[in-house]
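Text of work-v9.cif (mmCIF, C-alpha atoms and all ligand atoms) as supplied:
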```
data_target
#
loop_
_atom_site.label_atom_id
_atom_site.label_comp_id
_atom_site.auth_asym_id
_atom_site.auth_seq_id
_atom_site.Cartn_x
_atom_site.Cartn_y
_atom_site.Cartn_z
CA MET A 1 0.00 0.00 0.00
CA ILE A 2 2.75 2.43 0.90
CA LEU A 3 4.59 1.68 -2.34
CA LEU A 4 1.40 2.17 -4.35
CA HIS A 5 0.78 5.42 -2.55
CA LEU A 6 4.27 6.65 -3.43
CA LEU A 7 4.07 5.55 -7.04
CA PRO A 8 2.71 8.81 -8.53
CA PHE A 9 5.46 10.73 -6.75
CA VAL A 10 8.17 8.37 -8.03
CA LEU A 11 6.69 8.56 -11.53
CA SER A 12 6.65 12.33 -11.46
CA LEU A 13 10.30 12.38 -10.36
CA THR A 14 11.09 10.04 -13.23
CA GLY A 15 9.28 12.39 -15.59
CA VAL A 16 11.41 15.31 -14.49
CA ALA A 17 14.56 13.22 -14.71
CA ARG A 18 13.61 12.07 -18.20
CA ALA A 19 13.29 15.63 -19.47
CA ALA A 20 16.49 16.68 -17.77
CA SER A 21 18.46 13.67 -18.96
CA CYS A 22 18.22 14.15 -22.71
CA PRO A 23 21.27 16.43 -23.15
CA CYS A 24 21.84 14.84 -26.57
CA GLY A 25 18.26 15.49 -27.64
CA TYR A 26 15.45 13.30 -28.90
CA LYS A 27 15.63 10.78 -31.72
CA ASP A 28 12.31 10.12 -33.44
CA SER A 29 11.04 7.00 -35.17
CA ASN A 30 12.45 8.24 -38.51
CA GLY A 31 15.95 8.73 -37.08
CA ASN A 32 15.71 12.53 -36.96
CA VAL A 33 17.34 14.16 -33.94
CA TRP A 34 15.68 17.15 -32.28
CA ARG A 35 17.43 19.35 -29.76
CA GLU A 36 14.51 20.46 -27.61
CA ALA A 37 11.13 19.30 -26.32
CA ILE A 38 7.90 20.64 -24.87
CA GLN A 39 6.00 17.76 -23.29
CA SER A 40 2.55 18.79 -22.08
CA ASP A 41 0.80 16.00 -20.21
CA PHE A 42 -2.72 17.31 -19.64
CA THR A 43 -3.55 14.21 -17.57
CA GLN A 44 -0.91 15.06 -14.95
CA ALA A 45 -1.88 15.09 -11.27
CA SER A 46 -1.46 18.87 -10.99
CA GLY A 47 -4.07 19.33 -13.70
CA ALA A 48 -4.42 20.22 -17.35
CA LEU A 49 -4.28 23.97 -16.77
CA ALA A 50 -0.96 23.69 -14.93
CA ALA A 51 0.44 22.00 -18.05
CA VAL A 52 -1.07 24.77 -20.20
CA ASN A 53 0.43 27.49 -18.04
CA ALA A 54 3.91 25.94 -18.19
CA ASN A 55 4.38 26.37 -21.93
CA TRP A 56 1.31 27.88 -23.56
CA ILE A 57 -0.64 31.13 -23.74
CA VAL A 58 -4.45 31.08 -23.73
CA SER A 59 -5.88 33.36 -26.45
CA THR A 60 -8.36 36.05 -25.41
CA ASP A 61 -8.48 38.08 -28.62
CA LEU A 62 -11.41 38.98 -30.84
CA GLU A 63 -10.96 37.87 -34.44
CA GLU A 64 -13.20 39.75 -36.82
CA GLN A 65 -14.32 37.16 -39.34
CA SER A 66 -17.22 36.58 -41.66
CA PRO A 67 -20.06 35.96 -41.24
CA LEU A 68 -19.41 35.77 -37.47
CA HIS A 69 -16.61 37.10 -35.26
CA ILE A 70 -14.65 34.72 -33.05
CA GLN A 71 -14.08 35.60 -29.41
CA TYR A 72 -11.31 33.47 -27.98
CA THR A 73 -12.27 32.97 -24.36
CA ALA A 74 -10.07 31.81 -21.48
CA SER A 75 -12.93 29.96 -19.77
CA ASN A 76 -13.33 27.79 -22.89
CA VAL A 77 -9.96 26.19 -22.05
CA PHE A 78 -10.54 23.91 -19.09
CA GLU A 79 -9.88 20.68 -17.24
CA TYR A 80 -12.14 18.07 -18.85
CA GLN A 81 -12.37 14.32 -18.32
CA ASP A 82 -8.91 14.25 -16.70
CA ALA A 83 -7.49 15.97 -19.79
CA LEU A 84 -7.65 19.36 -21.53
CA GLY A 85 -10.97 20.55 -22.97
CA LEU A 86 -11.02 23.10 -25.80
CA GLN A 87 -14.55 24.33 -26.48
CA ALA A 88 -16.46 26.30 -29.07
CA SER A 89 -19.62 27.25 -27.20
CA ALA A 90 -23.19 26.72 -28.30
CA TYR A 91 -24.08 29.83 -30.30
CA THR A 92 -26.54 32.10 -28.57
CA GLY A 93 -27.99 33.32 -31.87
CA SER A 94 -26.34 36.75 -31.84
CA GLY A 95 -22.89 38.29 -31.34
CA THR A 96 -19.56 36.48 -31.40
CA VAL A 97 -18.86 32.75 -31.24
CA ASN A 98 -16.96 31.94 -28.05
CA CYS A 99 -14.02 29.69 -28.96
CA ALA A 100 -10.81 28.21 -27.50
CA GLN A 101 -7.17 28.56 -28.49
CA ILE A 102 -3.77 27.95 -26.91
CA PHE A 103 -0.41 28.78 -28.51
CA THR A 104 3.17 28.14 -27.42
CA ASN A 105 4.96 30.97 -25.68
CA ARG A 106 7.79 30.27 -28.15
CA LYS A 107 7.84 31.52 -31.74
CA ASP A 108 11.31 30.19 -32.57
CA ILE A 109 10.40 26.62 -33.53
CA LEU A 110 12.01 25.56 -36.85
CA TYR A 111 11.39 21.93 -37.88
CA GLY A 112 10.35 19.13 -35.57
CA SER A 113 8.01 16.27 -34.79
CA PHE A 114 4.73 17.33 -33.17
CA ARG A 115 2.23 14.91 -31.69
CA MET A 116 -1.04 14.97 -29.81
CA ARG A 117 -3.36 12.35 -28.38
CA ALA A 118 -6.89 13.66 -28.67
CA GLN A 119 -10.58 13.10 -29.35
CA VAL A 120 -12.24 15.32 -31.96
CA PRO A 121 -15.46 17.21 -31.20
CA SER A 122 -18.60 15.55 -32.53
CA VAL A 123 -20.98 18.53 -32.40
CA PRO A 124 -21.29 19.80 -36.00
CA GLY A 125 -20.02 23.19 -37.14
CA VAL A 126 -16.51 23.64 -35.69
CA VAL A 127 -12.91 23.26 -36.78
CA PHE A 128 -10.40 21.55 -34.45
CA GLY A 129 -6.88 22.61 -35.42
CA PHE A 130 -3.39 21.39 -34.50
CA PHE A 131 -0.82 23.46 -36.41
CA THR A 132 2.36 25.46 -36.84
CA TYR A 133 1.86 29.14 -37.61
CA ILE A 134 3.69 32.38 -38.11
CA ASP A 135 1.66 33.93 -40.94
CA ASP A 136 -0.93 32.82 -43.49
CA SER A 137 1.71 31.50 -45.93
CA GLN A 138 3.94 29.85 -43.31
CA GLU A 139 1.56 27.39 -41.70
CA GLN A 140 1.07 23.61 -41.54
CA ASP A 141 -2.39 22.45 -40.51
CA ILE A 142 -4.08 19.36 -39.20
CA GLU A 143 -7.80 20.23 -39.20
CA PHE A 144 -10.95 18.28 -38.36
CA LEU A 145 -14.29 19.63 -39.63
CA SER A 146 -17.11 18.38 -37.44
CA TYR A 147 -19.85 19.31 -39.95
CA GLU A 148 -18.65 16.58 -42.34
CA SER A 149 -20.82 13.47 -42.28
CA ASP A 150 -17.66 11.30 -41.99
CA TYR A 151 -15.89 13.68 -39.56
CA TYR A 152 -14.80 10.73 -37.39
CA GLN A 153 -12.46 9.49 -40.14
CA SER A 154 -11.82 12.64 -42.21
CA VAL A 155 -8.87 14.99 -41.71
CA TRP A 156 -7.52 17.93 -43.71
CA TYR A 157 -3.76 18.37 -44.06
CA THR A 158 -2.54 21.67 -45.53
CA ASP A 159 0.74 23.51 -46.08
CA GLN A 160 -0.66 27.03 -46.57
CA PRO A 161 -1.63 28.60 -48.84
CA GLY A 162 -3.96 25.70 -49.51
CA SER A 163 -4.89 26.98 -52.99
CA THR A 164 -1.50 25.78 -54.36
CA ALA A 165 -1.80 22.49 -56.25
CA GLY A 166 -0.92 19.61 -53.94
CA ALA A 167 -0.78 21.78 -50.80
CA SER A 168 -4.02 20.58 -49.22
CA LYS A 169 -5.23 17.01 -48.89
CA ASN A 170 -8.43 15.66 -47.42
CA VAL A 171 -7.52 12.22 -46.10
CA ILE A 172 -10.15 9.66 -45.22
CA VAL A 173 -8.86 6.94 -42.90
CA PRO A 174 -11.20 3.96 -43.36
CA GLY A 175 -12.02 2.27 -40.07
CA ALA A 176 -10.72 5.16 -37.94
CA ASP A 177 -12.76 6.70 -35.16
CA PHE A 178 -11.26 10.08 -34.30
CA THR A 179 -13.85 10.49 -31.51
CA THR A 180 -11.79 7.95 -29.54
CA PHE A 181 -8.32 8.89 -28.34
CA GLY A 182 -5.83 8.62 -31.18
CA ASN A 183 -2.39 9.96 -32.04
CA HIS A 184 -2.15 12.73 -34.60
CA ARG A 185 1.28 13.80 -35.80
CA LEU A 186 2.96 16.37 -38.00
CA ASP A 187 6.65 16.00 -38.91
CA TRP A 188 8.08 19.25 -40.29
CA LEU A 189 11.25 18.70 -42.29
CA PRO A 190 13.02 21.13 -44.67
CA SER A 191 11.73 19.33 -47.79
CA LYS A 192 8.34 18.03 -46.69
CA THR A 193 5.63 17.78 -44.07
CA VAL A 194 4.58 14.26 -43.10
CA TYR A 195 1.13 14.06 -41.52
CA SER A 196 0.10 10.86 -39.78
CA TYR A 197 -2.43 9.16 -37.55
CA SER A 198 -2.34 6.04 -35.44
CA GLY A 199 -5.18 4.80 -33.31
CA ASN A 200 -7.78 2.13 -32.95
CA GLY A 201 -10.93 1.67 -34.98
CA ASP A 202 -14.27 0.83 -33.39
CA SER A 203 -13.45 -2.87 -33.66
CA GLY A 204 -10.31 -2.23 -31.58
CA ALA A 205 -8.01 -3.01 -34.51
CA ALA A 206 -5.01 -0.73 -35.07
CA VAL A 207 -5.52 1.84 -37.82
CA SER A 208 -2.84 4.10 -39.22
CA SER A 209 -2.25 6.48 -42.09
CA SER A 210 0.53 8.73 -43.40
CA THR A 211 0.44 11.54 -45.98
CA THR A 212 3.25 13.71 -47.30
CA ILE A 213 2.97 17.28 -48.59
CA SER A 214 6.07 18.75 -50.22
CA VAL A 215 4.86 22.11 -51.54
CA ASN A 216 4.66 25.31 -49.46
CA VAL A 217 6.75 23.72 -46.70
CA PRO A 218 7.40 26.58 -44.23
CA THR A 219 10.95 27.88 -43.73
CA THR A 220 10.27 30.46 -41.01
CA PRO A 221 10.49 30.00 -37.21
CA SER A 222 6.97 29.53 -35.91
CA GLU A 223 4.71 28.95 -32.95
CA PHE A 224 2.48 25.96 -32.35
CA ILE A 225 -1.30 26.31 -31.89
CA LEU A 226 -4.33 24.22 -30.91
CA ASN A 227 -7.82 25.60 -31.31
CA VAL A 228 -11.53 24.85 -31.67
CA TRP A 229 -13.47 27.53 -33.53
CA SER A 230 -16.34 28.42 -35.80
CA ASN A 231 -17.07 31.57 -37.78
CA GLY A 232 -20.22 30.22 -39.43
CA ASP A 233 -18.58 30.18 -42.89
CA PRO A 234 -20.55 27.70 -45.03
CA GLY A 235 -17.37 27.13 -47.10
CA TRP A 236 -15.28 25.74 -44.23
CA SER A 237 -16.26 25.59 -40.55
CA ASN A 238 -20.01 25.69 -41.19
CA GLY A 239 -21.95 26.10 -37.95
CA PRO A 240 -21.90 27.88 -35.60
CA PRO A 241 -22.50 24.93 -33.25
CA THR A 242 -25.86 24.64 -31.52
CA ALA A 243 -24.33 22.76 -28.57
CA ASN A 244 -20.93 23.03 -26.88
CA ALA A 245 -18.31 21.39 -29.14
CA ILE A 246 -15.32 20.10 -27.17
CA ALA A 247 -11.99 18.61 -28.25
CA THR A 248 -10.33 16.53 -25.51
CA VAL A 249 -6.52 16.46 -25.48
CA GLN A 250 -4.54 14.10 -23.26
CA TYR A 251 -1.10 15.24 -24.29
CA VAL A 252 0.90 17.29 -26.74
CA ASP A 253 4.57 16.43 -27.32
CA LEU A 254 6.63 18.84 -29.41
CA TYR A 255 10.18 17.74 -30.33
CA PHE A 256 11.96 20.40 -32.34
CA ASN A 257 14.93 22.55 -33.24
CA SER A 258 14.77 26.26 -32.66
CA THR A 259 16.67 29.37 -33.67
CA SER A 260 17.43 29.97 -29.96
CA LEU A 261 19.54 26.86 -29.33
CA SER A 262 22.24 26.58 -31.99
CA ALA A 263 23.64 23.28 -33.25
CA ALA A 264 27.00 24.31 -31.77
CA SER A 265 25.66 24.98 -28.31
CA PHE A 266 23.56 21.80 -28.41
CA SER A 267 26.69 19.83 -29.40
CA ALA A 268 28.67 21.37 -26.56
CA THR A 269 26.01 20.39 -24.02
CA CYS A 270 25.89 16.86 -25.44
CA ALA A 271 29.69 16.55 -25.35
CA ALA A 272 29.79 17.79 -21.75
CA ALA A 273 27.30 15.03 -20.88
CA GLY A 274 29.62 12.41 -22.40
CA HIS A 275 27.70 11.95 -25.67
CA VAL A 276 24.95 9.89 -24.06
CA ALA A 277 22.37 8.43 -26.45
CA PRO A 278 19.50 10.71 -27.43
CA CYS A 279 16.16 9.83 -25.86
CA SER A 280 13.95 7.78 -28.18
CA VAL A 281 10.61 9.42 -28.93
C1 LIG B 301 18.06 19.47 -35.74
O1 LIG B 301 19.17 19.52 -34.88
C2 LIG B 301 20.01 18.36 -34.96
C3 LIG B 301 21.09 18.53 -33.90
O2 LIG B 301 21.77 19.75 -34.03
C4 LIG B 301 20.58 18.28 -36.38
O3 LIG B 301 21.39 17.12 -36.48
C5 LIG B 301 19.43 18.20 -37.38
O4 LIG B 301 19.94 18.18 -38.71
C6 LIG B 301 18.49 19.36 -37.20
N1 LIG B 301 17.32 19.14 -38.04
C7 LIG B 301 16.96 19.98 -38.99
C8 LIG B 301 15.79 19.59 -39.82
O5 LIG B 301 17.51 21.05 -39.18
#
```

Please, can you express the file's structure as structure tokens?
Amino acid sequence: MILLHLLPFVLSLTGVARAASCPCGYKDSNGNVWREAIQSDFTQASGALAAVNANWIVSTDLEEQSPLHIQYTASNVFEYQDALGLQASAYTGSGTVNCAQIFTNRKDILYGSFRMRAQVPSVPGVVFGFFTYIDDSQEQDIEFLSYESDYYQSVWYTDQPGSTAGASKNVIVPGADFTTFGNHRLDWLPSKTVYSYSGNGDSGAAVSSSTTISVNVPTTPSEFILNVWSNGDPGWSNGPPTANAIATVQYVDLYFNSTSLSAASFSATCAAAGHVAPCSV
């Protein structure tokens, strides 16, 4: 009993040690090495919002859009089902649509492997986004459109601007159920963006998918954003939602290089640590 009681504490110490003991970075499943990491575990004992506050900023701005304005609202970012809830609120019938957005407090991210484990909203009329952004032509998007009849297996991958041939792909993953927790991933490399999914279908069988986009690949240091929104545009988000539409996020792991930690200074830190193996991620 005592050991069981101590287990969360020991695990949390291990978590801290893990982050601190990767002086030679993180090696991903494709063999790419990344110098830095932001690991946000929204299921942690201290709560989802503590994980948000450690590395993210909650948006509170008004975005004037058409036909409806979006009001990003702090109270739409909350602890939900032992994870993070991001909500676009049921539309009242007038005024703005209250929506949710968090973005990294860093804007210096240049290439990396970005993952989340999440459930998509099932109330029609919202977009759930997981994306890199610095401006409208330097942006890589994973987007789920809940108005689509097959929203539980449909995802949009785009290297903006999406009007360029080959820059936007609507991928249907047969057998997938995005309303159950699944892993969504974006690997940003200099020559391409690889978008992927792995999860379990309703039958419990493993389902996976991978899609590459190699036009409009961003080259500018960026931030990372998650949001759930609707502006009522019949050409994209549709909606606004008539009930609260909530995305549930268990974790976000960002492994990346940045313009703030040079290759030389990363190498020096790794050498000082005796060239230990990078952590596998
Ligand atoms: C990221 O940093 C590692 C270590 O410095 C380097 O080997 C790798 O080439 C970098 N990746 C990219 C895409 O620049």

For segment 24-27 of chain A, list every protein, DNA or RNA residue within 9 Å, evaluated using only C-alpha atoms, and leave out those in the same chain fewer than 6 positions away; present the list as an mmCIF file with C-alpha atoms, in the coordinates of the input.
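Ended up saving to selection_7.cif:
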```cif
data_model
loop_
_atom_site.group_PDB
_atom_site.id
_atom_site.type_symbol
_atom_site.label_atom_id
_atom_site.label_comp_id
_atom_site.auth_asym_id
_atom_site.auth_seq_id
_atom_site.Cartn_x
_atom_site.Cartn_y
_atom_site.Cartn_z
ATOM 1 C CA VAL A 33 17.340 14.160 -33.940
ATOM 2 C CA TRP A 34 15.680 17.150 -32.280
ATOM 3 C CA ARG A 35 17.430 19.350 -29.760
ATOM 4 C CA GLU A 36 14.510 20.460 -27.610
ATOM 5 C CA ALA A 37 11.130 19.300 -26.320
ATOM 6 C CA TYR A 255 10.180 17.740 -30.330
ATOM 7 C CA PHE A 256 11.960 20.400 -32.340
ATOM 8 C CA PHE A 266 23.560 21.800 -28.410
ATOM 9 C CA SER A 267 26.690 19.830 -29.400
ATOM 10 C CA THR A 269 26.010 20.390 -24.020
ATOM 11 C CA CYS A 270 25.890 16.860 -25.440
ATOM 12 C CA ALA A 271 29.690 16.550 -25.350
ATOM 13 C CA ALA A 273 27.300 15.030 -20.880
ATOM 14 C CA HIS A 275 27.700 11.950 -25.670
ATOM 15 C CA VAL A 276 24.950 9.890 -24.060
ATOM 16 C CA ALA A 277 22.370 8.430 -26.450
ATOM 17 C CA PRO A 278 19.500 10.710 -27.430
ATOM 18 C CA CYS A 279 16.160 9.830 -25.860
ATOM 19 C CA SER A 280 13.950 7.780 -28.180
ATOM 20 C CA VAL A 281 10.610 9.420 -28.930
#
```

Distance query Asp202 of chain A at most 9 Å, only C-alpha atoms, self and fewer than 3 positions along chain excluded, as a ChimeraX atom specification: /A:175-177,180,205

I'd like the contact shell of Ser75 of chain A - 12 Å cut-off, all atoms listed in the file, skipping same-chain residues fewer than 2 positions apart - returned as number ranges by chain. A: 49, 58-60, 71-73, 77-80, 84-89, 98-102

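The residue that comes closest to ligand LIG 301 (chain B), out of A:Gln44, A:Thr193, A:Ser210, A:Ser230 and on the basis of only C-alpha atoms and all ligand atoms, is A:Thr193.
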
If you count all atoms listed in the file, which residues fall within 12 Å of segment 156-173 of chain A, apart from same-chain ones fewer than 6 positions away, as a PDB file with C-alpha atoms, in the frame of the given file?
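Written out: part23.pdb:
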```
ATOM      1  CA  VAL A 127     -12.910  23.260 -36.780  1.00  0.00           C
ATOM      2  CA  PHE A 128     -10.400  21.550 -34.450  1.00  0.00           C
ATOM      3  CA  GLY A 129      -6.880  22.610 -35.420  1.00  0.00           C
ATOM      4  CA  PHE A 130      -3.390  21.390 -34.500  1.00  0.00           C
ATOM      5  CA  PHE A 131      -0.820  23.460 -36.410  1.00  0.00           C
ATOM      6  CA  THR A 132       2.360  25.460 -36.840  1.00  0.00           C
ATOM      7  CA  TYR A 133       1.860  29.140 -37.610  1.00  0.00           C
ATOM      8  CA  ILE A 134       3.690  32.380 -38.110  1.00  0.00           C
ATOM      9  CA  ASP A 135       1.660  33.930 -40.940  1.00  0.00           C
ATOM     10  CA  ASP A 136      -0.930  32.820 -43.490  1.00  0.00           C
ATOM     11  CA  SER A 137       1.710  31.500 -45.930  1.00  0.00           C
ATOM     12  CA  GLN A 138       3.940  29.850 -43.310  1.00  0.00           C
ATOM     13  CA  GLU A 139       1.560  27.390 -41.700  1.00  0.00           C
ATOM     14  CA  GLN A 140       1.070  23.610 -41.540  1.00  0.00           C
ATOM     15  CA  ASP A 141      -2.390  22.450 -40.510  1.00  0.00           C
ATOM     16  CA  ILE A 142      -4.080  19.360 -39.200  1.00  0.00           C
ATOM     17  CA  GLU A 143      -7.800  20.230 -39.200  1.00  0.00           C
ATOM     18  CA  PHE A 144     -10.950  18.280 -38.360  1.00  0.00           C
ATOM     19  CA  LEU A 145     -14.290  19.630 -39.630  1.00  0.00           C
ATOM     20  CA  SER A 146     -17.110  18.380 -37.440  1.00  0.00           C
ATOM     21  CA  GLU A 148     -18.650  16.580 -42.340  1.00  0.00           C
ATOM     22  CA  SER A 149     -20.820  13.470 -42.280  1.00  0.00           C
ATOM     23  CA  ASP A 150     -17.660  11.300 -41.990  1.00  0.00           C
ATOM     24  CA  HIS A 184      -2.150  12.730 -34.600  1.00  0.00           C
ATOM     25  CA  ARG A 185       1.280  13.800 -35.800  1.00  0.00           C
ATOM     26  CA  LEU A 186       2.960  16.370 -38.000  1.00  0.00           C
ATOM     27  CA  ASP A 187       6.650  16.000 -38.910  1.00  0.00           C
ATOM     28  CA  TRP A 188       8.080  19.250 -40.290  1.00  0.00           C
ATOM     29  CA  SER A 191      11.730  19.330 -47.790  1.00  0.00           C
ATOM     30  CA  LYS A 192       8.340  18.030 -46.690  1.00  0.00           C
ATOM     31  CA  THR A 193       5.630  17.780 -44.070  1.00  0.00           C
ATOM     32  CA  VAL A 194       4.580  14.260 -43.100  1.00  0.00           C
ATOM     33  CA  TYR A 195       1.130  14.060 -41.520  1.00  0.00           C
ATOM     34  CA  SER A 196       0.100  10.860 -39.780  1.00  0.00           C
ATOM     35  CA  TYR A 197      -2.430   9.160 -37.550  1.00  0.00           C
ATOM     36  CA  SER A 198      -2.340   6.040 -35.440  1.00  0.00           C
ATOM     37  CA  GLY A 199      -5.180   4.800 -33.310  1.00  0.00           C
ATOM     38  CA  ASN A 200      -7.780   2.130 -32.950  1.00  0.00           C
ATOM     39  CA  GLY A 201     -10.930   1.670 -34.980  1.00  0.00           C
ATOM     40  CA  ALA A 206      -5.010  -0.730 -35.070  1.00  0.00           C
ATOM     41  CA  VAL A 207      -5.520   1.840 -37.820  1.00  0.00           C
ATOM     42  CA  SER A 208      -2.840   4.100 -39.220  1.00  0.00           C
ATOM     43  CA  SER A 209      -2.250   6.480 -42.090  1.00  0.00           C
ATOM     44  CA  SER A 210       0.530   8.730 -43.400  1.00  0.00           C
ATOM     45  CA  THR A 211       0.440  11.540 -45.980  1.00  0.00           C
ATOM     46  CA  THR A 212       3.250  13.710 -47.300  1.00  0.00           C
ATOM     47  CA  ILE A 213       2.970  17.280 -48.590  1.00  0.00           C
ATOM     48  CA  SER A 214       6.070  18.750 -50.220  1.00  0.00           C
ATOM     49  CA  VAL A 215       4.860  22.110 -51.540  1.00  0.00           C
ATOM     50  CA  ASN A 216       4.660  25.310 -49.460  1.00  0.00           C
ATOM     51  CA  VAL A 217       6.750  23.720 -46.700  1.00  0.00           C
ATOM     52  CA  PRO A 218       7.400  26.580 -44.230  1.00  0.00           C
ATOM     53  CA  THR A 219      10.950  27.880 -43.730  1.00  0.00           C
ATOM     54  CA  TRP A 236     -15.280  25.740 -44.230  1.00  0.00           C
TER      55      TRP A 236
END
```

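For the residues A:Ile109, A:Ala245, A:Val252, A:Leu226, ranking by smallest atom-to-atom distance to ligand LIG 301 (chain B) using all atoms listed in the file places A:Ile109 first.
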
re atom CA of Leu261 of chain A and atom O2 of ligand LIG 301 (chain B): distance 8.8 Å

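The spacing separating atom CA of Gln81 of chain A from atom CA of Ala247 of chain A amounts to 10.8 Å.
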
Pick the closest to Val228 of chain A from A:Gly274, A:Pro190, A:Gly204, A:Gly125: which is it, counting all atoms listed in the file? A:Gly125

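Atom pair atom CA of Ala272 of chain A / atom C2 of ligand LIG 301 (chain B): separated by 16.4 Å.
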
As lines of an AutoDock Vina configuration file, what would the box around ligand LIG 301 (chain B) look like: edges along x, y and z, 3 Å added on every side, centre and edge lengths in Å to one decimal?
```
center_x = 18.8
center_y = 19.1
center_z = -36.9
size_x = 12.0
size_y = 9.9
size_z = 11.9
```

From the set A:Ala83, A:Cys22, A:Leu110, A:Ala243, which residue has the shortest atom-to-atom contact distance to ligand LIG 301 (chain B), counting only C-alpha atoms and all ligand atoms? A:Leu110

How would segment 26-41 of chain A look written as a PDB file, in the first residue's frame with N, CA and C atoms?
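The result, stored in part.pdb:
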```pdb
ATOM      1  N   TYR A  26      16.532  14.280 -28.734  1.00  0.00           N
ATOM      2  CA  TYR A  26      15.449  13.298 -28.896  1.00  0.00           C
ATOM      3  C   TYR A  26      15.541  12.733 -30.299  1.00  0.00           C
ATOM      4  N   LYS A  27      15.593  11.408 -30.389  1.00  0.00           N
ATOM      5  CA  LYS A  27      15.630  10.779 -31.718  1.00  0.00           C
ATOM      6  C   LYS A  27      14.261  10.187 -32.006  1.00  0.00           C
ATOM      7  N   ASP A  28      13.652  10.599 -33.145  1.00  0.00           N
ATOM      8  CA  ASP A  28      12.310  10.117 -33.437  1.00  0.00           C
ATOM      9  C   ASP A  28      12.341   8.836 -34.250  1.00  0.00           C
ATOM     10  N   SER A  29      11.144   8.310 -34.536  1.00  0.00           N
ATOM     11  CA  SER A  29      11.037   7.000 -35.173  1.00  0.00           C
ATOM     12  C   SER A  29      11.572   7.004 -36.613  1.00  0.00           C
ATOM     13  N   ASN A  30      11.846   8.186 -37.171  1.00  0.00           N
ATOM     14  CA  ASN A  30      12.446   8.245 -38.509  1.00  0.00           C
ATOM     15  C   ASN A  30      13.948   8.475 -38.448  1.00  0.00           C
ATOM     16  N   GLY A  31      14.508   8.518 -37.230  1.00  0.00           N
ATOM     17  CA  GLY A  31      15.947   8.734 -37.081  1.00  0.00           C
ATOM     18  C   GLY A  31      16.352  10.196 -37.023  1.00  0.00           C
ATOM     19  N   ASN A  32      15.371  11.106 -37.070  1.00  0.00           N
ATOM     20  CA  ASN A  32      15.707  12.535 -36.963  1.00  0.00           C
ATOM     21  C   ASN A  32      15.978  12.891 -35.505  1.00  0.00           C
ATOM     22  N   VAL A  33      17.006  13.717 -35.296  1.00  0.00           N
ATOM     23  CA  VAL A  33      17.343  14.159 -33.941  1.00  0.00           C
ATOM     24  C   VAL A  33      16.857  15.594 -33.752  1.00  0.00           C
ATOM     25  N   TRP A  34      16.189  15.822 -32.629  1.00  0.00           N
ATOM     26  CA  TRP A  34      15.678  17.150 -32.278  1.00  0.00           C
ATOM     27  C   TRP A  34      16.322  17.590 -30.982  1.00  0.00           C
ATOM     28  N   ARG A  35      16.650  18.852 -30.907  1.00  0.00           N
ATOM     29  CA  ARG A  35      17.428  19.349 -29.760  1.00  0.00           C
ATOM     30  C   ARG A  35      16.576  19.609 -28.528  1.00  0.00           C
ATOM     31  N   GLU A  36      15.315  19.989 -28.736  1.00  0.00           N
ATOM     32  CA  GLU A  36      14.507  20.465 -27.610  1.00  0.00           C
ATOM     33  C   GLU A  36      13.138  19.784 -27.577  1.00  0.00           C
ATOM     34  N   ALA A  37      12.457  19.902 -26.444  1.00  0.00           N
ATOM     35  CA  ALA A  37      11.127  19.303 -26.318  1.00  0.00           C
ATOM     36  C   ALA A  37      10.240  20.162 -25.426  1.00  0.00           C
ATOM     37  N   ILE A  38       8.953  20.176 -25.773  1.00  0.00           N
ATOM     38  CA  ILE A  38       7.899  20.642 -24.865  1.00  0.00           C
ATOM     39  C   ILE A  38       6.947  19.464 -24.726  1.00  0.00           C
ATOM     40  N   GLN A  39       6.875  18.913 -23.532  1.00  0.00           N
ATOM     41  CA  GLN A  39       6.005  17.757 -23.290  1.00  0.00           C
ATOM     42  C   GLN A  39       4.894  18.207 -22.345  1.00  0.00           C
ATOM     43  N   SER A  40       3.691  18.334 -22.874  1.00  0.00           N
ATOM     44  CA  SER A  40       2.549  18.788 -22.082  1.00  0.00           C
ATOM     45  C   SER A  40       1.628  17.607 -21.834  1.00  0.00           C
ATOM     46  N   ASP A  41       1.658  17.122 -20.586  1.00  0.00           N
ATOM     47  CA  ASP A  41       0.798  15.997 -20.205  1.00  0.00           C
ATOM     48  C   ASP A  41      -0.417  16.573 -19.479  1.00  0.00           C
TER      49      ASP A  41
END
```
